[in-house]
Amino acid sequence: MAKKNLVIPILIGLGLFSVLLSLVIASQTETQAPDQRPLARISLNLGKVSILRKNLTHKENLVRKSSLYSNDSVETSADGDATVDFDSAYRIRILENSFITIGQENDRTVLIIKRGDVQVENYGREGTVYISKDGSRWTATDYEMNYKQQAPVLSLPELAPAEEIPLAATAKIDGLTPEFIQDTLRTQRSAFFKCYTQLLQRTPGVVGQASLSFTIMPTGKVANAEITSSSINDPNFKKCLVEAVNRVEFRAFPGDPIATVFPMKFE
């Protein structure tokens, strides 16, 4: 009987100890939280993207989305790029073959470009995000609107219909409309730009257009991709475009495969 009487106080004691331990851990977490406030959120768009944390000592592959903290770095592969969103509404795309470090100075967030380049896709509250490259610093808006226009870098084309060729006439299938297909392809434009960049290195000044035809399978994968027409007769360029579209992934949908055509202009 005495042993049974001891069980209840012991259980109560263990419960109180657990509560106290939880409070201690919580207080420590709250103390550390301000230093660990994320500066931005990063989303994978294409290819391989890595995040290097803890002064480059810890490397992790970006699978879908993650938070970025002060002194984190992002590295993109030859076919990889990612989008970084800030609370100030800025949205910046990290292009392929880039190495970027994110830092904080007072209320400013600074993206330091150590290799490659970025593209500002959405402008936000002025003066909150800065971009540093080659020892100089600009606001994100000035970098995109002024510096990049004046810098002696390769001019890349905008994806646009080469002619009035609509996407294959398909009925709406759970949101997989022709407009959705076009928008998805445009988000992957850096992969197409890479093909054009390589072409310009072989044939400076070349311009033209090309049309890609392909089938979107119900799984979201691309099949049967080919160049149906092109004014640029470079086999490596055509092969690169086909490989780029083969890497695009759409969302899965029920029903039959969708055959479509996507025209592009390069100039």
# chains A, B, ... in the order shown; residues from 1 in each chain; ligands from 1
>>> residues_around(residues="A:Asp87", least_positions_apart="5", cutoff="9 Å", atoms="only C-alpha atoms", output="PyMOL selection string")
chain A and resi 39-41+124
>>> write_last_selection(atoms="N, CA and C atoms", output="CSV table (one decimal), in the first residue's frame")
chain,number,residue,atom,x,y,z
A,39,LEU,N,15.5,36.3,-43.5
A,39,LEU,CA,15.5,37.5,-44.3
A,39,LEU,C,14.6,37.4,-45.6
A,40,ALA,N,14.5,36.1,-46.0
A,40,ALA,CA,13.7,35.9,-47.3
A,40,ALA,C,13.3,34.5,-47.4
A,41,ARG,N,12.6,34.1,-48.4
A,41,ARG,CA,12.1,32.8,-48.7
A,41,ARG,C,12.6,32.4,-50.1
A,124,GLY,N,9.6,46.2,-54.9
A,124,GLY,CA,8.9,46.3,-53.6
A,124,GLY,C,9.2,47.7,-53.0
>>> residues_around(residues="stretch 240-242 of chain A", least_positions_apart="2", cutoff="8 Å", atoms="only C-alpha atoms", output="tab-separated table (two decimals) with N, CA and C atoms, in the first residue's frame")
chain	number	residue	atom	x	y	z
A	192	PHE	N	16.08	28.62	-71.61
A	192	PHE	CA	16.11	28.93	-73.04
A	192	PHE	C	17.15	30.01	-73.33
A	195	CYS	N	20.58	28.63	-73.90
A	195	CYS	CA	20.81	28.11	-75.25
A	195	CYS	C	21.20	29.24	-76.20
A	212	LEU	N	8.76	25.29	-80.78
A	212	LEU	CA	8.89	23.99	-80.13
A	212	LEU	C	7.54	23.32	-80.07
A	225	ALA	N	9.25	16.09	-77.64
A	225	ALA	CA	9.64	17.46	-77.93
A	225	ALA	C	10.50	17.51	-79.19
A	226	GLU	N	10.24	18.51	-80.03
A	226	GLU	CA	11.03	18.70	-81.24
A	226	GLU	C	10.87	20.12	-81.76
A	227	ILE	N	11.82	20.55	-82.59
A	227	ILE	CA	11.73	21.85	-83.24
A	227	ILE	C	10.94	21.68	-84.53
A	236	ASN	N	23.23	22.49	-82.54
A	236	ASN	CA	23.45	22.51	-81.09
A	236	ASN	C	22.42	23.39	-80.39
A	237	PHE	N	22.06	24.50	-81.04
A	237	PHE	CA	21.04	25.40	-80.49
A	237	PHE	C	19.69	24.70	-80.42
A	238	LYS	N	19.33	24.00	-81.50
A	238	LYS	CA	18.06	23.29	-81.52
A	238	LYS	C	18.03	22.17	-80.47
A	244	ALA	N	15.99	21.69	-72.96
A	244	ALA	CA	15.45	22.63	-71.97
A	244	ALA	C	13.96	22.38	-71.74
A	245	VAL	N	13.20	22.20	-72.82
A	245	VAL	CA	11.76	21.99	-72.64
A	245	VAL	C	11.48	20.61	-72.04
A	246	ASN	N	12.35	19.64	-72.30
A	246	ASN	CA	12.18	18.32	-71.69
A	246	ASN	C	12.33	18.36	-70.18
>>> atom_distance(atom1="atom CA of A:Ile92", atom2="atom CA of A:Lys54")
22.7 Å
>>> residues_around(residues="stretch 62-74 of chain A", least_positions_apart="2", cutoff="6 Å", atoms="only C-alpha atoms", output="list in words")
Pro38, Leu39, Ala40, Arg41, Ile42, Ser43, Leu44, Val49, Ser50, Ile51, Leu52, Arg53, Phe99, Ile100, Thr101, Ile102 and Gly103 of chain A
